[in-house]
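Engineer: Below is protein_26.tsv; it holds TSV, C-alpha atoms and all ligand atoms.
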chain	number	residue	atom	x	y	z
Y	25	MET	CA	22.70	9.08	-1.68
Y	26	GLU	CA	22.42	10.72	1.73
Y	27	ILE	CA	20.98	8.80	4.68
Y	28	ILE	CA	19.13	10.95	7.22
Y	29	ALA	CA	17.75	9.51	10.46
Y	30	ASP	CA	16.91	12.64	12.44
Y	31	PRO	CA	13.44	14.14	11.72
Y	32	LEU	CA	14.65	17.66	12.55
Y	33	LYS	CA	17.59	17.32	10.16
Y	34	MET	CA	15.24	15.98	7.47
Y	35	GLN	CA	12.83	18.85	7.97
Y	36	ALA	CA	15.64	21.44	7.93
Y	37	GLN	CA	16.88	20.02	4.62
Y	38	ALA	CA	13.31	20.00	3.26
Y	39	LEU	CA	12.81	23.65	4.22
Y	40	ARG	CA	16.10	24.65	2.54
Y	41	TRP	CA	14.98	22.88	-0.64
Y	42	ARG	CA	11.57	24.53	-0.44
Y	43	ALA	CA	13.17	28.00	-0.08
Y	44	ARG	CA	15.15	27.32	-3.27
Y	45	GLY	CA	12.02	26.20	-5.16
Y	46	VAL	CA	13.24	22.60	-5.40
Y	47	LYS	CA	10.39	20.14	-6.02
Y	48	VAL	CA	10.56	17.19	-3.62
Y	49	VAL	CA	8.87	13.83	-4.18
Y	50	LEU	CA	8.36	11.31	-1.35
Y	51	VAL	CA	7.90	7.54	-1.54
Y	52	PRO	CA	6.93	6.23	1.92
Y	53	THR	CA	7.92	2.58	2.57
Y	54	MET	CA	8.54	0.03	5.30
Y	55	GLY	CA	11.61	-1.26	3.46
Y	56	PHE	CA	12.69	-4.74	2.33
Y	57	PHE	CA	12.45	-3.46	-1.19
Y	58	HIS	CA	11.16	-5.35	-4.20
Y	59	GLN	CA	10.31	-4.27	-7.73
Y	60	GLY	CA	6.98	-2.80	-6.53
Y	61	HIS	CA	8.84	-0.29	-4.34
Y	62	LEU	CA	11.39	0.38	-7.09
Y	63	SER	CA	8.63	1.12	-9.61
Y	64	LEU	CA	7.29	3.83	-7.28
Y	65	MET	CA	10.79	5.29	-6.89
Y	66	GLU	CA	11.45	5.25	-10.64
Y	67	TYR	CA	8.16	7.00	-11.29
Y	68	GLY	CA	8.68	9.41	-8.40
Y	69	ARG	CA	12.04	10.45	-9.83
Y	70	THR	CA	10.27	11.74	-12.94
Y	71	LEU	CA	7.90	13.94	-10.92
Y	72	GLY	CA	10.34	16.35	-9.30
Y	73	ASP	CA	13.90	17.45	-8.55
Y	74	LYS	CA	14.70	15.47	-5.40
Y	75	LEU	CA	13.46	12.00	-4.54
Y	76	VAL	CA	13.19	11.10	-0.85
Y	77	VAL	CA	12.34	7.54	0.18
Y	78	SER	CA	11.33	7.00	3.78
Y	79	LEU	CA	12.06	3.64	5.35
Y	80	PHE	CA	10.21	3.21	8.61
Y	81	VAL	CA	8.52	0.10	9.98
Y	82	ASN	CA	5.74	1.97	11.72
Y	83	PRO	CA	4.75	0.30	15.00
Y	84	THR	CA	1.44	2.18	15.31
Y	85	GLN	CA	-0.01	0.46	12.24
Y	86	PHE	CA	0.55	-3.06	13.61
Y	87	GLY	CA	-1.92	-4.69	16.00
Y	88	PRO	CA	-0.64	-6.30	19.21
Y	89	THR	CA	-0.76	-9.81	17.69
Y	90	GLU	CA	0.60	-8.78	14.27
Y	91	ASP	CA	4.06	-9.16	12.74
Y	92	TYR	CA	5.83	-5.93	13.78
Y	93	GLN	CA	8.79	-7.80	15.30
Y	94	GLN	CA	9.13	-10.34	12.46
Y	95	TYR	CA	8.58	-7.84	9.63
Y	96	PRO	CA	11.52	-8.39	7.21
Y	97	ARG	CA	14.30	-5.83	7.49
Y	98	GLY	CA	17.47	-5.50	5.40
Y	99	PHE	CA	18.95	-2.05	5.61
Y	100	ASP	CA	22.16	-2.54	3.57
Y	101	ARG	CA	20.31	-4.26	0.73
Y	102	ASP	CA	17.63	-1.54	0.73
Y	103	ALA	CA	20.21	1.26	0.74
Y	104	ASP	CA	22.02	-0.32	-2.26
Y	105	MET	CA	18.77	-0.71	-4.21
Y	106	ALA	CA	17.62	2.84	-3.46
Y	107	ALA	CA	20.97	4.35	-4.44
Y	108	LYS	CA	20.83	2.50	-7.78
Y	109	VAL	CA	17.48	4.04	-8.75
Y	110	GLY	CA	18.70	7.56	-8.00
Y	111	VAL	CA	17.19	8.24	-4.59
Y	112	GLU	CA	18.60	11.49	-3.18
Y	113	VAL	CA	17.81	10.89	0.48
Y	114	LEU	CA	16.94	7.66	2.27
Y	115	TYR	CA	15.08	8.87	5.35
Y	116	THR	CA	15.20	6.33	8.19
Y	117	PRO	CA	13.80	7.81	11.39
Y	118	GLY	CA	13.88	5.71	14.57
Y	119	VAL	CA	10.79	4.77	16.56
Y	120	GLU	CA	11.81	6.97	19.51
Y	121	ALA	CA	12.26	9.98	17.24
Y	122	MET	CA	8.84	9.45	15.61
Y	123	TYR	CA	6.93	8.63	18.78
Y	124	PRO	CA	8.78	10.10	21.76
Y	125	SER	CA	7.34	9.41	25.20
Y	126	GLY	CA	4.24	11.54	25.69
Y	127	TYR	CA	3.20	11.24	22.03
Y	128	GLN	CA	-0.60	11.48	21.76
Y	129	THR	CA	-1.80	12.83	18.41
Y	130	TYR	CA	-3.41	10.61	15.76
Y	131	VAL	CA	-5.24	11.09	12.47
Y	132	GLU	CA	-8.42	9.12	11.78
Y	133	VAL	CA	-10.13	8.96	8.40
Y	134	GLU	CA	-13.46	7.83	9.73
Y	135	HIS	CA	-15.51	6.09	7.07
Y	136	LEU	CA	-12.99	4.82	4.53
Y	137	SER	CA	-11.08	3.12	7.37
Y	138	LYS	CA	-14.03	1.04	8.57
Y	139	GLY	CA	-14.47	-1.71	5.96
Y	140	LEU	CA	-12.16	-4.15	4.13
Y	141	CYS	CA	-8.79	-4.37	5.93
Y	142	GLY	CA	-9.97	-1.85	8.55
Y	143	ALA	CA	-12.53	-4.37	9.81
Y	144	PHE	CA	-9.82	-7.00	10.36
Y	145	ARG	CA	-7.01	-4.71	11.54
Y	146	PRO	CA	-8.46	-2.29	14.10
Y	147	GLY	CA	-6.32	0.85	14.40
Y	148	HIS	CA	-4.21	-0.02	11.36
Y	149	PHE	CA	-5.27	2.91	9.17
Y	150	LYS	CA	-5.12	5.33	12.09
Y	151	GLY	CA	-1.44	4.38	12.37
Y	152	VAL	CA	-0.96	4.69	8.61
Y	153	ALA	CA	-2.65	8.09	8.26
Y	154	THR	CA	-0.73	9.43	11.26
Y	155	VAL	CA	2.69	8.33	10.09
Y	156	VAL	CA	2.06	9.54	6.54
Y	157	LEU	CA	1.04	12.99	7.75
Y	158	LYS	CA	4.14	13.13	9.98
Y	159	LEU	CA	6.33	12.11	7.04
Y	160	PHE	CA	4.71	14.81	4.89
Y	161	ASN	CA	5.48	17.43	7.53
Y	162	GLN	CA	9.07	16.23	7.90
Y	163	VAL	CA	9.86	15.88	4.18
Y	164	GLN	CA	7.59	18.66	2.82
Y	165	PRO	CA	7.05	16.94	-0.54
Y	166	GLN	CA	5.02	18.43	-3.36
Y	167	ALA	CA	4.08	14.91	-4.47
Y	168	ALA	CA	4.01	11.48	-2.82
Y	169	VAL	CA	3.75	8.14	-4.61
Y	170	PHE	CA	1.80	5.13	-3.30
Y	171	GLY	CA	1.03	1.69	-4.76
Y	172	GLU	CA	-2.45	0.50	-5.68
Y	173	LYS	CA	-1.43	-2.78	-4.04
Y	174	ASP	CA	-2.66	-1.15	-0.82
Y	175	TYR	CA	-5.75	0.28	-2.46
Y	176	GLN	CA	-7.64	1.18	0.71
Y	177	GLN	CA	-4.54	2.89	2.09
Y	178	LEU	CA	-4.25	4.99	-1.09
Y	179	ALA	CA	-7.92	6.02	-0.85
Y	180	ILE	CA	-7.48	6.95	2.83
Y	181	ILE	CA	-4.36	9.05	2.16
Y	182	ARG	CA	-6.14	10.88	-0.67
Y	183	GLN	CA	-9.07	11.61	1.64
Y	184	MET	CA	-6.81	12.76	4.47
Y	185	ALA	CA	-4.89	15.09	2.15
Y	186	ALA	CA	-8.15	16.57	0.83
Y	187	ASP	CA	-9.83	16.88	4.25
Y	188	LEU	CA	-6.83	18.42	6.02
Y	189	ASN	CA	-5.77	20.67	3.10
Y	190	VAL	CA	-2.40	18.94	2.85
Y	191	PRO	CA	-0.61	20.49	-0.16
Y	192	VAL	CA	0.76	17.18	-1.46
Y	193	ASP	CA	-0.21	15.65	-4.78
Y	194	ILE	CA	-1.09	12.00	-4.04
Y	195	VAL	CA	-0.06	9.75	-6.94
Y	196	GLY	CA	-1.20	6.12	-7.25
Y	197	ARG	CA	0.73	3.55	-9.28
Y	198	PRO	CA	-0.23	0.07	-10.56
Y	199	ILE	CA	0.48	-3.20	-8.78
Y	200	VAL	CA	3.74	-4.88	-9.77
Y	201	ARG	CA	3.47	-8.68	-9.93
Y	202	GLU	CA	5.85	-11.63	-10.01
Y	203	PRO	CA	6.04	-13.32	-13.43
Y	204	ASP	CA	3.38	-15.84	-12.32
Y	205	GLY	CA	1.01	-13.08	-11.16
Y	206	LEU	CA	1.53	-12.97	-7.37
Y	207	ALA	CA	1.48	-9.33	-6.26
Y	208	MET	CA	4.92	-8.43	-4.94
Y	209	SER	CA	5.03	-7.90	-1.19
Y	210	SER	CA	7.72	-7.85	1.48
Y	211	ARG	CA	5.53	-10.37	3.33
Y	212	ASN	CA	5.86	-12.93	0.49
Y	213	THR	CA	9.17	-13.88	2.15
Y	214	TYR	CA	7.12	-15.51	4.93
Y	215	LEU	CA	5.71	-18.11	2.51
Y	216	ASN	CA	7.21	-21.62	2.37
Y	217	PRO	CA	7.32	-23.23	-1.10
Y	218	GLU	CA	3.95	-24.95	-0.68
Y	219	GLU	CA	2.30	-21.73	0.52
Y	220	ARG	CA	3.97	-19.79	-2.30
Y	221	GLY	CA	2.14	-22.10	-4.73
Y	222	ALA	CA	-1.15	-21.69	-2.86
Y	223	ALA	CA	-0.74	-17.89	-2.82
Y	224	LEU	CA	-1.31	-17.87	-6.57
Y	225	CYS	CA	-5.02	-18.43	-5.94
Y	226	LEU	CA	-5.45	-14.67	-5.34
Y	227	TYR	CA	-4.28	-13.83	-8.84
Y	228	ARG	CA	-6.21	-16.76	-10.34
Y	229	ALA	CA	-9.33	-15.44	-8.64
Y	230	ILE	CA	-8.67	-11.98	-10.09
Y	231	LEU	CA	-8.25	-13.47	-13.56
Y	232	ALA	CA	-11.49	-15.42	-13.17
Y	233	ALA	CA	-13.33	-12.23	-12.15
Y	234	ARG	CA	-11.88	-10.24	-15.06
Y	235	GLU	CA	-12.87	-13.01	-17.43
Y	236	LEU	CA	-16.44	-13.10	-16.14
Y	237	VAL	CA	-16.78	-9.33	-16.44
Y	238	ALA	CA	-15.25	-9.35	-19.93
Y	239	THR	CA	-17.93	-11.79	-21.03
Y	240	GLY	CA	-20.71	-9.52	-19.75
Y	241	GLU	CA	-21.27	-10.77	-16.18
Y	242	ASN	CA	-21.80	-7.85	-13.79
Y	243	SER	CA	-23.44	-9.38	-10.76
Y	244	ARG	CA	-21.56	-9.09	-7.47
Y	245	THR	CA	-22.98	-12.43	-6.25
Y	246	LYS	CA	-21.80	-14.31	-9.33
Y	247	ILE	CA	-18.38	-12.65	-9.46
Y	248	LEU	CA	-17.69	-13.21	-5.76
Y	249	LYS	CA	-18.93	-16.80	-6.01
Y	250	ALA	CA	-16.34	-17.54	-8.71
Y	251	VAL	CA	-13.64	-15.76	-6.71
Y	252	LYS	CA	-14.55	-17.65	-3.55
Y	253	GLN	CA	-14.44	-20.97	-5.36
Y	254	MET	CA	-10.88	-20.29	-6.58
Y	255	ILE	CA	-9.73	-19.59	-3.05
Y	256	THR	CA	-11.58	-22.31	-1.15
Y	257	GLN	CA	-10.38	-25.03	-3.51
Y	258	THR	CA	-6.78	-24.10	-2.65
Y	259	PRO	CA	-5.24	-25.75	0.44
Y	260	HIS	CA	-3.66	-23.68	3.27
Y	261	THR	CA	-5.99	-20.72	2.63
Y	262	ALA	CA	-8.55	-18.87	4.77
Y	263	ILE	CA	-10.52	-15.90	3.50
Y	264	ASP	CA	-10.58	-12.66	5.52
Y	265	TYR	CA	-12.78	-10.91	2.96
Y	266	LEU	CA	-13.73	-10.82	-0.71
Y	267	ALA	CA	-15.42	-7.59	-1.73
Y	268	LEU	CA	-16.68	-5.73	-4.76
Y	269	VAL	CA	-16.61	-2.02	-3.98
Y	270	ASP	CA	-17.02	1.41	-5.48
Y	271	PRO	CA	-13.47	2.57	-6.40
Y	272	LYS	CA	-13.89	5.92	-4.61
Y	273	THR	CA	-16.16	5.34	-1.60
Y	274	LEU	CA	-15.10	1.71	-1.04
Y	275	GLN	CA	-18.75	0.91	-0.34
Y	276	GLU	CA	-20.01	-2.49	-1.51
Y	277	VAL	CA	-21.75	-2.43	-4.89
Y	278	GLU	CA	-24.30	-4.95	-6.19
Y	279	ALA	CA	-22.95	-4.96	-9.74
Y	280	VAL	CA	-20.07	-3.73	-11.87
Y	281	GLN	CA	-21.60	-0.60	-13.34
Y	282	GLY	CA	-18.95	1.49	-15.01
Y	283	GLU	CA	-16.04	0.58	-12.76
Y	284	ALA	CA	-15.69	-1.41	-9.56
Y	285	ARG	CA	-12.77	-2.63	-7.50
Y	286	LEU	CA	-12.47	-6.27	-6.49
Y	287	ALA	CA	-10.52	-6.55	-3.24
Y	288	LEU	CA	-9.29	-9.71	-1.52
Y	289	ALA	CA	-7.58	-10.52	1.75
Y	290	VAL	CA	-6.63	-14.15	2.20
Y	291	ARG	CA	-4.47	-15.85	4.80
Y	292	VAL	CA	-2.12	-18.41	3.31
Y	293	GLY	CA	-0.75	-20.39	6.22
Y	294	LYS	CA	-0.01	-17.64	8.75
Y	295	THR	CA	0.65	-14.97	6.12
Y	296	ARG	CA	-2.06	-12.45	5.32
Y	297	LEU	CA	-2.02	-11.44	1.64
Y	298	ILE	CA	-4.04	-8.73	-0.06
Y	299	ASP	CA	-4.68	-8.03	-3.72
Y	300	ASN	CA	-7.14	-6.08	-5.84
Y	301	THR	CA	-8.05	-5.21	-9.37
Y	302	LEU	CA	-10.12	-2.77	-11.33
Y	303	LEU	CA	-13.13	-4.32	-13.06
Y	304	THR	CA	-14.63	-2.38	-15.96
Y	305	GLU	CA	-18.14	-3.08	-17.15
Y	306	SER	CA	-18.15	-4.74	-20.52
Y	307	ARG	CA	-20.41	-3.09	-23.07
Y	308	LEU	CA	-19.89	-5.80	-25.69
Y	309	CYS	CA	-23.46	-6.98	-25.39
Y	310	CYS	CA	-25.07	-3.61	-26.16
Y	311	VAL	CA	-23.41	-2.47	-29.36
U	401	LIG	P1	5.27	-1.12	2.13
U	401	LIG	O1	6.76	-1.04	2.23
U	401	LIG	O2	4.76	-2.51	1.96
U	401	LIG	O3	4.56	-0.34	3.21
U	401	LIG	O4	4.89	-0.41	0.78
U	401	LIG	C1	5.36	0.87	0.45
U	401	LIG	C2	4.66	1.35	-0.79
U	401	LIG	O5	4.91	0.42	-1.84
U	401	LIG	C3	3.13	1.43	-0.61
U	401	LIG	O6	2.65	2.58	-1.29
U	401	LIG	C4	2.67	0.16	-1.29
U	401	LIG	O7	1.35	0.24	-1.80
U	401	LIG	C5	3.67	0.05	-2.42
U	401	LIG	N1	3.74	-1.35	-2.90
U	401	LIG	C6	3.94	-2.46	-2.16
U	401	LIG	N2	3.88	-3.55	-2.95
U	401	LIG	C7	3.64	-3.10	-4.21
U	401	LIG	C8	3.45	-3.74	-5.48
U	401	LIG	N3	3.51	-5.06	-5.63
U	401	LIG	N4	3.22	-2.96	-6.55
U	401	LIG	C9	3.15	-1.60	-6.44
U	401	LIG	N5	3.31	-0.95	-5.28
U	401	LIG	C10	3.55	-1.68	-4.18
Using the file provided, produce a representation of the structure as structure tokens.
Structural biologist:
Amino acid sequence: MEIIADPLKMQAQALRWRARGVKVVLVPTMGFFHQGHLSLMEYGRTLGDKLVVSLFVNPTQFGPTEDYQQYPRGFDRDADMAAKVGVEVLYTPGVEAMYPSGYQTYVEVEHLSKGLCGAFRPGHFKGVATVVLKLFNQVQPQAAVFGEKDYQQLAIIRQMAADLNVPVDIVGRPIVREPDGLAMSSRNTYLNPEERGAALCLYRAILAARELVATGENSRTKILKAVKQMITQTPHTAIDYLALVDPKTLQEVEAVQGEARLALAVRVGKTRLIDNTLLTESRLCCV
């Protein structure tokens, strides 16, 4: 596995591959890999000839009071894990190379960025969209793989690619969970044992919502009430938002009609966790 840190060197390599008709797949990450990241890499490997994984903790997507400094980092461990899944290039640009002094260009996906996490993390998705477009230009992939764990991010990247005619196929992959159901996240390392137990309430809430919908309940009020109850009865938790949204527009819906996405953001101690699930209207009652 080659490690490239210089954006110009990465882009030169990408252009050589492109000239030879080599199909490049990119998995953008902030590192501290877990099985969720590895599942994207394993899938990405099947989509093309060369798999590039970018590892960049992007400062422009963190707010001034957020965890940019503390964000877990472990380069040697990450490099070992990436090499084992057959990554061709681990691309690790530095902050100075990505945002040299005088940098001033940003991408904003206006409407999709407003609600859900966007309402609690001003500027976050502007930072995400910008860095992803820069990575696309540096790596020149034909396809890029993202996790549904960050569902709003995936929707925003899809919209950006469509709006700006970016010739990259955006591929979404399912959430990978711990055996007990907690969605894997690099930030789970912040949780102490008591908080780790409390964090399970997100998955329990998702199960409760799926169960309600499976038995024919479609109402947003009733579903969110059950979800809220699961969270508020758990110590050390504070809700940022609970939402039932249209899977494409991310606008709130009043009922699960066809498909809807349940999205949650909950702080457990000082750690902000997000999770989501697809809810599919049950037609059991109408046969
Ligand atoms: P991150 O390093 O947290 O920025 O995540 C890099 C990519 O991995 C993003 O596309 C995430 O959505 C994806 N990802 C993170 N956690 C998971 C998970 N538990 N399951 C699937 N994909 C994930």
Engineer: Set the cut-off to 9 Å, count all atoms listed in the file, and list whatever residues fall near ligand LIG 401 (chain U) as an MDAnalysis selection string.
Structural biologist: chainID Y and resid 51:64 79:82 169:175 177:178 196:202 206:211 299
Engineer: Could you list, as an mmCIF file with C-alpha atoms, in the frame of the given file, every residue within 12 Å of Ala250 (chain Y), counting only C-alpha atoms and ignoring same-chain residues fewer than 4 positions away?
Structural biologist:
data_model
loop_
_atom_site.group_PDB
_atom_site.id
_atom_site.type_symbol
_atom_site.label_atom_id
_atom_site.label_comp_id
_atom_site.auth_asym_id
_atom_site.auth_seq_id
_atom_site.Cartn_x
_atom_site.Cartn_y
_atom_site.Cartn_z
ATOM 1 C CA CYS Y 225 -5.020 -18.430 -5.940
ATOM 2 C CA LEU Y 226 -5.450 -14.670 -5.340
ATOM 3 C CA ARG Y 228 -6.210 -16.760 -10.340
ATOM 4 C CA ALA Y 229 -9.330 -15.440 -8.640
ATOM 5 C CA ILE Y 230 -8.670 -11.980 -10.090
ATOM 6 C CA LEU Y 231 -8.250 -13.470 -13.560
ATOM 7 C CA ALA Y 232 -11.490 -15.420 -13.170
ATOM 8 C CA ALA Y 233 -13.330 -12.230 -12.150
ATOM 9 C CA ARG Y 234 -11.880 -10.240 -15.060
ATOM 10 C CA GLU Y 235 -12.870 -13.010 -17.430
ATOM 11 C CA LEU Y 236 -16.440 -13.100 -16.140
ATOM 12 C CA VAL Y 237 -16.780 -9.330 -16.440
ATOM 13 C CA GLU Y 241 -21.270 -10.770 -16.180
ATOM 14 C CA SER Y 243 -23.440 -9.380 -10.760
ATOM 15 C CA ARG Y 244 -21.560 -9.090 -7.470
ATOM 16 C CA THR Y 245 -22.980 -12.430 -6.250
ATOM 17 C CA LYS Y 246 -21.800 -14.310 -9.330
ATOM 18 C CA MET Y 254 -10.880 -20.290 -6.580
ATOM 19 C CA ILE Y 255 -9.730 -19.590 -3.050
ATOM 20 C CA THR Y 256 -11.580 -22.310 -1.150
ATOM 21 C CA GLN Y 257 -10.380 -25.030 -3.510
ATOM 22 C CA LEU Y 266 -13.730 -10.820 -0.710
#
Engineer: Please report, as a tab-separated table, each residue of region 157-276 of chain Y lying at most 9 Å from region 32-42 of chain Y, together with the nearest pair of atoms and the separation in Å rounded to one decimal; use only C-alpha atoms, and order rows by chain and ascending residue number.
Structural biologist:
residue	atom	partner	partner_atom	distance
Y:Asn161	CA	Y:Gln35	CA	7.5
Y:Gln162	CA	Y:Gln35	CA	4.6
Y:Val163	CA	Y:Ala38	CA	5.5
Y:Gln164	CA	Y:Ala38	CA	5.9
Y:Pro165	CA	Y:Ala38	CA	7.9
Engineer: Please tabulate, as CSV, the residues of region 168-251 of chain Y that come within 9 Å of region 145-153 of chain Y, each with its closest pair of atoms and the distance in Å to one decimal, counting all atoms listed in the file and ordering rows by chain, then residue number upward.
Structural biologist:
residue,atom,partner,partner_atom,distance
Y:Gln176,CA,Y:Phe149,CA,9.0
Y:Gln177,CA,Y:Phe149,CA,7.1
Y:Ile180,CA,Y:Ala153,CA,7.4
Y:Ile181,CA,Y:Ala153,CA,6.4
Y:Met184,CA,Y:Ala153,CA,7.3
Engineer: If the box runs along x, y and z of the file and leaves 5 Å on each side of region 125-132 of chain Y, what are its centre and edge lengths in Å, one decimal, as AutoDock Vina command-line options?
Structural biologist:
--center_x -0.5 --center_y 11.0 --center_z 18.7 --size_x 25.8 --size_y 13.7 --size_z 23.9
Engineer: Missing atoms in region 28-43 of chain Y need filling: write out N, CA, C and O atoms for it as a CSV table (one decimal), keeping the file's coordinate frame.
Structural biologist:
chain,number,residue,atom,x,y,z
Y,28,ILE,N,19.5,10.1,6.1
Y,28,ILE,CA,19.1,11.0,7.2
Y,28,ILE,C,18.2,10.2,8.2
Y,28,ILE,O,17.3,9.6,7.8
Y,29,ALA,N,18.6,10.2,9.5
Y,29,ALA,CA,17.8,9.5,10.5
Y,29,ALA,C,17.0,10.5,11.4
Y,29,ALA,O,16.0,10.1,11.9
Y,30,ASP,N,17.5,11.7,11.5
Y,30,ASP,CA,16.9,12.6,12.4
Y,30,ASP,C,15.8,13.5,11.8
Y,30,ASP,O,16.0,14.2,10.8
Y,31,PRO,N,14.5,13.4,12.3
Y,31,PRO,CA,13.4,14.1,11.7
Y,31,PRO,C,13.7,15.6,11.6
Y,31,PRO,O,13.3,16.3,10.6
Y,32,LEU,N,14.4,16.2,12.6
Y,32,LEU,CA,14.6,17.7,12.6
Y,32,LEU,C,15.6,18.0,11.4
Y,32,LEU,O,15.5,19.0,10.7
Y,33,LYS,N,16.6,17.1,11.2
Y,33,LYS,CA,17.6,17.3,10.2
Y,33,LYS,C,16.9,17.2,8.8
Y,33,LYS,O,17.1,18.0,7.9
Y,34,MET,N,16.0,16.2,8.7
Y,34,MET,CA,15.2,16.0,7.5
Y,34,MET,C,14.4,17.2,7.2
Y,34,MET,O,14.4,17.7,6.0
Y,35,GLN,N,13.7,17.7,8.2
Y,35,GLN,CA,12.8,18.8,8.0
Y,35,GLN,C,13.6,20.1,7.6
Y,35,GLN,O,13.2,20.9,6.8
Y,36,ALA,N,14.8,20.3,8.2
Y,36,ALA,CA,15.6,21.4,7.9
Y,36,ALA,C,16.1,21.4,6.5
Y,36,ALA,O,16.0,22.4,5.8
Y,37,GLN,N,16.5,20.2,6.0
Y,37,GLN,CA,16.9,20.0,4.6
Y,37,GLN,C,15.7,20.3,3.7
Y,37,GLN,O,15.8,21.0,2.7
Y,38,ALA,N,14.5,19.8,4.1
Y,38,ALA,CA,13.3,20.0,3.3
Y,38,ALA,C,13.0,21.5,3.1
Y,38,ALA,O,12.6,22.0,2.1
Y,39,LEU,N,13.1,22.2,4.2
Y,39,LEU,CA,12.8,23.6,4.2
Y,39,LEU,C,13.8,24.4,3.4
Y,39,LEU,O,13.5,25.4,2.7
Y,40,ARG,N,15.1,24.0,3.4
Y,40,ARG,CA,16.1,24.6,2.5
Y,40,ARG,C,15.7,24.4,1.1
Y,40,ARG,O,15.8,25.3,0.2
Y,41,TRP,N,15.4,23.2,0.7
Y,41,TRP,CA,15.0,22.9,-0.6
Y,41,TRP,C,13.8,23.7,-1.0
Y,41,TRP,O,13.7,24.3,-2.1
Y,42,ARG,N,12.8,23.8,-0.1
Y,42,ARG,CA,11.6,24.5,-0.4
Y,42,ARG,C,11.9,26.0,-0.7
Y,42,ARG,O,11.4,26.6,-1.7
Y,43,ALA,N,12.8,26.6,0.1
Y,43,ALA,CA,13.2,28.0,-0.1
Y,43,ALA,C,13.8,28.2,-1.4
Y,43,ALA,O,13.7,29.3,-2.0
